[in-house]
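This is entry04.txt (compact mmCIF, C-alpha atoms and all ligand atoms).
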# COMPACT_ATOMS: atom_id res chain seq x y z
CA MET R 215 4.97 3.52 -0.23
CA ASP R 216 7.76 0.92 -0.37
CA ASN R 217 5.70 -2.02 -1.39
CA LEU R 218 4.54 -2.23 -5.00
CA MET R 219 1.80 -4.77 -4.29
CA GLU R 220 0.40 -2.57 -1.52
CA LEU R 221 0.47 0.41 -3.89
CA LEU R 222 -1.40 -1.61 -6.53
CA GLU R 223 -3.97 -2.87 -4.04
CA THR R 224 -4.76 0.51 -2.53
CA ARG R 225 -4.66 2.51 -5.79
CA ARG R 226 -8.37 2.34 -6.19
CA THR R 227 -10.90 4.65 -7.75
CA TYR R 228 -11.72 7.56 -5.42
CA ARG R 229 -14.81 9.71 -5.83
CA ARG R 230 -14.80 12.14 -2.89
CA PHE R 231 -11.89 14.48 -2.26
CA GLU R 232 -10.53 17.03 0.20
CA GLN R 233 -10.56 20.57 -1.15
CA ARG R 234 -6.80 21.15 -1.13
CA GLU R 235 -4.45 21.72 -3.99
CA ILE R 236 -2.00 19.22 -5.38
CA PRO R 237 1.56 20.63 -5.22
CA GLY R 238 3.27 21.39 -8.53
CA GLU R 239 6.01 18.84 -7.91
CA VAL R 240 3.42 16.06 -7.50
CA LEU R 241 1.68 17.16 -10.71
CA ASP R 242 5.06 17.06 -12.48
CA GLU R 243 5.61 13.51 -11.25
CA ILE R 244 2.18 12.43 -12.50
CA LEU R 245 2.89 13.88 -15.96
CA THR R 246 6.41 12.43 -16.03
CA ALA R 247 4.93 9.02 -15.24
CA ALA R 248 2.75 9.36 -18.35
CA ARG R 249 5.82 10.32 -20.36
CA PHE R 250 7.62 7.18 -19.13
CA ALA R 251 4.86 4.84 -20.37
CA SER R 252 5.45 2.34 -23.13
CA SER R 253 4.04 3.16 -26.54
CA ALA R 254 3.45 0.94 -29.59
CA ALA R 255 6.51 1.34 -31.88
CA ASN R 256 7.44 4.21 -29.52
CA ARG R 257 5.28 6.50 -31.65
CA GLN R 258 3.93 8.44 -28.65
CA PRO R 259 0.60 9.70 -30.01
CA LEU R 260 -0.63 11.02 -26.65
CA SER R 261 -0.56 14.50 -25.19
CA TYR R 262 -2.06 15.87 -22.00
CA ILE R 263 -4.10 18.90 -20.99
CA VAL R 264 -3.93 19.96 -17.35
CA ILE R 265 -6.98 21.63 -15.85
CA ARG R 266 -6.40 23.01 -12.37
CA GLU R 267 -7.97 26.49 -12.25
CA LYS R 268 -11.06 26.33 -10.07
CA ASP R 269 -13.55 27.64 -12.67
CA LYS R 270 -12.19 25.37 -15.40
CA VAL R 271 -12.18 22.33 -13.10
CA ALA R 272 -15.84 23.09 -12.33
CA GLU R 273 -16.61 23.35 -16.05
CA VAL R 274 -14.95 20.00 -16.82
CA PHE R 275 -16.70 18.45 -13.83
CA SER R 276 -20.07 19.55 -15.21
CA HIS R 277 -19.44 17.34 -18.26
CA THR R 278 -18.59 14.19 -16.26
CA ARG R 279 -20.67 11.35 -14.77
CA TRP R 280 -19.58 9.45 -11.71
CA ALA R 281 -20.30 6.03 -10.23
CA GLY R 282 -22.84 4.71 -12.70
CA ALA R 283 -23.48 1.72 -10.40
CA LEU R 284 -24.81 3.96 -7.61
CA PRO R 285 -27.69 6.41 -7.37
CA PRO R 286 -26.38 9.95 -8.08
CA GLU R 287 -26.97 11.13 -4.51
CA LEU R 288 -24.43 8.52 -3.36
CA GLY R 289 -21.99 8.39 -6.26
CA GLN R 290 -21.81 11.91 -7.67
CA PRO R 291 -19.31 14.03 -5.69
CA LYS R 292 -20.99 16.92 -3.86
CA GLU R 293 -19.72 20.51 -4.23
CA ASN R 294 -17.21 20.15 -1.36
CA GLU R 295 -16.07 16.68 -2.49
CA ARG R 296 -15.08 17.38 -6.07
CA PRO R 297 -11.66 16.72 -7.61
CA VAL R 298 -9.20 19.62 -7.73
CA LEU R 299 -7.45 18.59 -10.92
CA PHE R 300 -8.27 16.96 -14.25
CA ILE R 301 -5.80 15.66 -16.80
CA ALA R 302 -7.21 15.05 -20.27
CA VAL R 303 -5.55 12.41 -22.45
CA VAL R 304 -5.56 13.41 -26.12
CA GLU R 305 -4.78 11.18 -29.11
CA ASN R 306 -2.97 12.52 -32.15
CA LEU R 307 -4.68 10.67 -35.01
CA ASP R 308 -1.86 11.52 -37.43
CA ILE R 309 0.65 9.64 -35.26
CA ASN R 310 -1.45 6.59 -34.33
CA ALA R 311 -5.23 6.41 -34.49
CA ASP R 312 -5.29 3.04 -32.71
CA CYS R 313 -3.70 3.82 -29.38
CA ASP R 314 -6.09 2.57 -26.74
CA THR R 315 -3.39 0.43 -25.11
CA ASP R 316 -0.96 3.36 -25.05
CA ALA R 317 -3.63 5.43 -23.32
CA GLY R 318 -4.36 2.69 -20.77
CA LEU R 319 -0.68 2.38 -19.90
CA ALA R 320 -0.23 6.14 -19.56
CA ILE R 321 -3.34 6.43 -17.39
CA SER R 322 -2.17 3.56 -15.23
CA ASN R 323 1.24 5.19 -14.75
CA MET R 324 -0.36 8.54 -13.88
CA THR R 325 -2.79 7.14 -11.34
CA LEU R 326 -0.08 5.02 -9.69
CA ALA R 327 2.38 7.93 -9.51
CA ALA R 328 -0.38 10.05 -7.99
CA TRP R 329 -1.31 7.42 -5.42
CA ASN R 330 2.36 6.98 -4.52
CA ARG R 331 2.07 10.60 -3.26
CA GLY R 332 -1.32 10.07 -1.58
CA VAL R 333 -3.34 11.53 -4.46
CA GLY R 334 -6.40 9.54 -5.47
CA SER R 335 -7.95 9.45 -8.91
CA CYS R 336 -10.96 8.51 -10.96
CA ILE R 337 -10.70 7.63 -14.64
CA ILE R 338 -13.72 9.17 -16.37
CA GLY R 339 -14.95 7.51 -19.52
CA ALA R 340 -18.50 8.79 -19.07
CA CYS R 341 -18.03 12.39 -20.13
CA ASN R 342 -19.38 14.65 -22.82
CA LYS R 343 -16.44 14.40 -25.22
CA GLU R 344 -17.93 16.82 -27.72
CA LYS R 345 -18.32 19.59 -25.16
CA LEU R 346 -14.92 18.91 -23.62
CA SER R 347 -13.16 18.78 -27.01
CA GLY R 348 -14.66 22.20 -27.75
CA MET R 349 -13.53 23.56 -24.39
CA PHE R 350 -9.99 22.22 -24.92
CA GLY R 351 -9.82 23.58 -28.48
CA LEU R 352 -8.98 20.19 -30.04
CA THR R 353 -8.48 20.05 -33.77
CA GLU R 354 -10.07 17.52 -36.15
CA ARG R 355 -6.94 15.40 -35.96
CA GLN R 356 -7.04 15.27 -32.17
CA LYS R 357 -9.35 12.99 -30.24
CA LEU R 358 -10.16 13.13 -26.55
CA HIS R 359 -9.51 9.69 -25.08
CA THR R 360 -10.36 10.16 -21.40
CA VAL R 361 -10.25 12.65 -18.59
CA VAL R 362 -8.76 11.61 -15.26
CA ALA R 363 -9.79 13.35 -12.03
CA PHE R 364 -7.38 13.77 -9.11
CA GLY R 365 -7.47 14.87 -5.48
CA TYR R 366 -6.66 13.81 -1.93
CA PRO R 367 -9.37 11.27 -1.07
CA SER R 368 -11.72 11.81 1.85
CA HIS R 369 -12.90 8.20 1.90
CA VAL R 370 -11.40 4.73 1.85
CA SER R 371 -11.79 2.30 -1.02
CA ARG R 372 -10.93 -1.36 -0.66
CA ILE R 373 -10.96 -4.55 -2.65
CA VAL R 374 -13.20 -7.34 -1.40
CA ASP R 375 -13.25 -10.89 -2.75
CA ALA R 376 -16.12 -11.52 -5.15
CA GLU R 377 -17.48 -14.69 -3.54
CA ASP R 378 -19.92 -14.97 -6.43
CA PRO R 379 -18.01 -14.19 -9.66
CA ALA R 380 -21.22 -12.82 -11.16
CA GLN R 381 -21.52 -10.12 -8.45
CA VAL R 382 -18.93 -7.45 -9.14
CA LYS R 383 -20.91 -4.25 -8.63
CA TYR R 384 -19.06 -1.88 -6.31
CA TYR R 385 -20.98 -0.61 -3.29
CA LEU R 386 -20.68 1.64 -0.25
CA ASP R 387 -20.39 0.22 3.27
CA GLU R 388 -21.99 1.76 6.39
CA LYS R 389 -19.19 4.39 6.54
CA LYS R 390 -19.76 5.30 2.89
CA ASP R 391 -16.41 3.78 1.95
CA TYR R 392 -16.20 2.06 -1.43
CA CYS R 393 -16.00 -1.74 -1.57
CA VAL R 394 -14.82 -3.09 -4.89
CA PRO R 395 -15.40 -6.82 -5.50
CA LYS R 396 -12.66 -8.43 -7.59
CA ARG R 397 -13.05 -11.94 -8.94
CA LYS R 398 -10.76 -14.44 -7.22
CA LEU R 399 -7.66 -15.74 -9.02
CA GLU R 400 -9.20 -19.20 -9.33
CA ASP R 401 -12.10 -17.62 -11.24
CA ILE R 402 -9.94 -15.71 -13.72
CA VAL R 403 -6.78 -17.78 -14.25
CA ARG R 404 -6.37 -21.05 -16.10
CA TYR R 405 -3.03 -22.87 -16.35
CA LEU R 406 -2.44 -24.85 -19.53
C1 LIG B 1 -11.83 2.92 -18.85
C2 LIG B 1 -12.48 3.31 -17.54
C3 LIG B 1 -13.52 4.22 -17.55
C4 LIG B 1 -14.11 4.61 -16.33
N1 LIG B 1 -15.10 5.56 -16.35
C5 LIG B 1 -15.64 5.96 -15.16
C6 LIG B 1 -16.61 7.00 -15.14
O1 LIG B 1 -16.97 7.56 -16.17
N2 LIG B 1 -17.10 7.39 -13.94
C7 LIG B 1 -16.70 6.80 -12.77
O2 LIG B 1 -17.18 7.19 -11.71
N3 LIG B 1 -15.79 5.80 -12.76
C8 LIG B 1 -15.24 5.38 -13.91
N4 LIG B 1 -14.29 4.39 -13.93
C9 LIG B 1 -13.88 3.78 -12.67
C10 LIG B 1 -14.44 2.33 -12.55
O3 LIG B 1 -15.80 2.39 -12.18
C11 LIG B 1 -13.62 1.59 -11.50
O4 LIG B 1 -12.32 1.39 -12.04
C12 LIG B 1 -14.24 0.25 -11.13
O5 LIG B 1 -15.44 0.44 -10.43
C13 LIG B 1 -13.30 -0.59 -10.26
O6 LIG B 1 -12.86 0.14 -9.16
P1 LIG B 1 -11.32 0.27 -8.90
O7 LIG B 1 -10.75 1.23 -9.92
O8 LIG B 1 -11.20 0.81 -7.50
O9 LIG B 1 -10.72 -1.10 -9.05
C14 LIG B 1 -13.68 4.03 -15.12
C15 LIG B 1 -12.62 3.09 -15.13
C16 LIG B 1 -12.01 2.75 -16.32
C17 LIG B 1 -10.86 1.76 -16.30

Output the file's structure in the form of structure tokens.
Amino acid sequence: MDNLMELLETRRTYRRFEQREIPGEVLDEILTAARFASSAANRQPLSYIVIREKDKVAEVFSHTRWAGALPPELGQPKENERPVLFIAVVENLDINADCDTDAGLAISNMTLAAWNRGVGSCIIGACNKEKLSGMFGLTERQKLHTVVAFGYPSHVSRIVDAEDPAQVKYYLDEKKDYCVPKRKLEDIVRYL
């Protein structure tokens, strides 16, 4: 995609995916994008675990919850709609225990680099971190920040203007595509 604003607008959250693998070179780009992210004092407390074997992806998936705003039958990916890759973001508490912004920047870079290659993503905060930390073999000084799911989307997701700034719940249209209301600039910006 040549246009950054178009990339930003269409890099939405995707929750249904085609069942085809992501090539190694695309995965490398996603991870490199995380490596390129800014980090407070350049301390770089984050590391990444890649889960792409089918059985392990299924195990991670079983510890995740999708689309809290929708009933599960609409929001939870079905067996043939699941992501094909997860990347877990892990904090090293000995380097910097307060690295939420670092993590956000790295996740943003990863999801944008993925979308630049047509790969959609869903950031998953609602996951069983205890179970996943056990599965990943994290130590006491490592903390699971987030897992991010990836795959080629099988639906569209688009931004719609939130006419009423109080109504920002995402919803599905008649084609089951996601509509994501974003508050208008005039509702979120104030010039001093
Ligand atoms: C920190 C964070 C945690 C999230 N956790 C989940 C989650 O657990 N499950 C899910 O389906 N979506 C999750 N999302 C995706 C949000 O629901 C999504 O970003 C929001 O609805 C806006 O849609 P958009 O990303 O297309 O703008 C998360 C997003 C962020 C930024």

Exercise. Go through R:Cys336, R:Met324, R:Val264, R:Leu319 one by one, measure the shortest atom-to-atom distance of each to Thr278 in chain R using all atoms listed in the file, and give the residue with the smallest value.
Key: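 Of the candidates, the smallest distance to Thr278 in chain R is held by R:Cys336.
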
Exercise. Kindly indicate which residue among R:Arg234, R:Lys343, R:Arg279, R:His369 lies nearest to Gln356 in chain R, using all atoms listed in the file for the distances.
Key: R:Lys343

Taking (-21.0, 10.3, -21.0) in the file's coordinates, which residues come within 12 Å, counting only C-alpha atoms, written as an mmCIF file with C-alpha atoms, in the frame of the given file?
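Listed below is the output, point.cif:
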data_model
loop_
_atom_site.group_PDB
_atom_site.id
_atom_site.type_symbol
_atom_site.label_atom_id
_atom_site.label_comp_id
_atom_site.auth_asym_id
_atom_site.auth_seq_id
_atom_site.Cartn_x
_atom_site.Cartn_y
_atom_site.Cartn_z
ATOM 1 C CA PHE R 275 -16.700 18.450 -13.830
ATOM 2 C CA SER R 276 -20.070 19.550 -15.210
ATOM 3 C CA HIS R 277 -19.440 17.340 -18.260
ATOM 4 C CA THR R 278 -18.590 14.190 -16.260
ATOM 5 C CA ARG R 279 -20.670 11.350 -14.770
ATOM 6 C CA TRP R 280 -19.580 9.450 -11.710
ATOM 7 C CA ALA R 281 -20.300 6.030 -10.230
ATOM 8 C CA GLY R 282 -22.840 4.710 -12.700
ATOM 9 C CA ILE R 338 -13.720 9.170 -16.370
ATOM 10 C CA GLY R 339 -14.950 7.510 -19.520
ATOM 11 C CA ALA R 340 -18.500 8.790 -19.070
ATOM 12 C CA CYS R 341 -18.030 12.390 -20.130
ATOM 13 C CA ASN R 342 -19.380 14.650 -22.820
ATOM 14 C CA LYS R 343 -16.440 14.400 -25.220
ATOM 15 C CA GLU R 344 -17.930 16.820 -27.720
ATOM 16 C CA LYS R 345 -18.320 19.590 -25.160
ATOM 17 C CA LEU R 346 -14.920 18.910 -23.620
ATOM 18 C CA THR R 360 -10.360 10.160 -21.400
ATOM 19 C CA VAL R 361 -10.250 12.650 -18.590
#

Quiz item: Could you pull the residues within 7 Å of range 226-230 of chain R, counting all atoms listed in the file, minus those fewer than 3 positions along the same chain, as a PyMOL selection string?
Solution: chain R and resi 291+295-296+334-336+367-369+371

Preceding selection exported with C-alpha atoms as a PDB file, in the frame of the given file:
ATOM      1  CA  PRO R 291     -19.310  14.030  -5.690  1.00  0.00           C
ATOM      2  CA  GLU R 295     -16.070  16.680  -2.490  1.00  0.00           C
ATOM      3  CA  ARG R 296     -15.080  17.380  -6.070  1.00  0.00           C
ATOM      4  CA  GLY R 334      -6.400   9.540  -5.470  1.00  0.00           C
ATOM      5  CA  SER R 335      -7.950   9.450  -8.910  1.00  0.00           C
ATOM      6  CA  CYS R 336     -10.960   8.510 -10.960  1.00  0.00           C
ATOM      7  CA  PRO R 367      -9.370  11.270  -1.070  1.00  0.00           C
ATOM      8  CA  SER R 368     -11.720  11.810   1.850  1.00  0.00           C
ATOM      9  CA  HIS R 369     -12.900   8.200   1.900  1.00  0.00           C
ATOM     10  CA  SER R 371     -11.790   2.300  -1.020  1.00  0.00           C
TER      11      SER R 371
END

Quiz item: Contacts of Gln381 in chain R at 9 Å or less, counting all atoms listed in the file, minus same-chain residues fewer than 3 places along, as a ChimeraX atom specification?
Solution: /R:376-378,384,395,397

Got a sec to check which residues sit within 6 Å of (-13.0, 2.6, -2.1), counting only C-alpha atoms, and write them as a PDB file with C-alpha atoms, keeping the file's coordinate frame?
ATOM      1  CA  VAL R 370     -11.400   4.730   1.850  1.00  0.00           C
ATOM      2  CA  SER R 371     -11.790   2.300  -1.020  1.00  0.00           C
ATOM      3  CA  ARG R 372     -10.930  -1.360  -0.660  1.00  0.00           C
ATOM      4  CA  ASP R 391     -16.410   3.780   1.950  1.00  0.00           C
ATOM      5  CA  TYR R 392     -16.200   2.060  -1.430  1.00  0.00           C
ATOM      6  CA  CYS R 393     -16.000  -1.740  -1.570  1.00  0.00           C
TER       7      CYS R 393
END

Practice problem: Counting all atoms listed in the file, figure out which residue out of R:Asn323, R:Thr353, R:Thr246, R:Thr224 gets nearest to ligand LIG 1 (chain B). | Solution: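 Closest to ligand LIG 1 (chain B), using all atoms listed in the file: R:Thr224.
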
Might I get the box with edges along x, y and z of the file that holds all atoms of range 300-313 of chain R listed there, padded by 5 Å on every side, given as centre and edge lengths in Å to one decimal, as JSON?
{"center_x": -3.8, "center_y": 10.0, "center_z": -25.8, "size_x": 18.9, "size_y": 23.9, "size_z": 33.2}

Quiz prompt | Counting all atoms listed in the file, the option among R:Leu284, R:Leu241, R:Ala380, R:Ile309 closest to ligand LIG 1 (chain B) | solution =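 Going through R:Leu284, R:Leu241, R:Ala380, R:Ile309 one by one, the smallest distance to ligand LIG 1 (chain B) is for R:Leu284.
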
Practice problem: Just give me the gap between atom C17 of ligand LIG 1 (chain B) and CA of Gln258 in chain R in Å, one decimal is fine. | Solution: 20.4 Å

Quiz item: So how many Å separate CA of Val298 in chain R and CA of Asp269 in chain R, to one decimal?
Solution: 10.4 Å
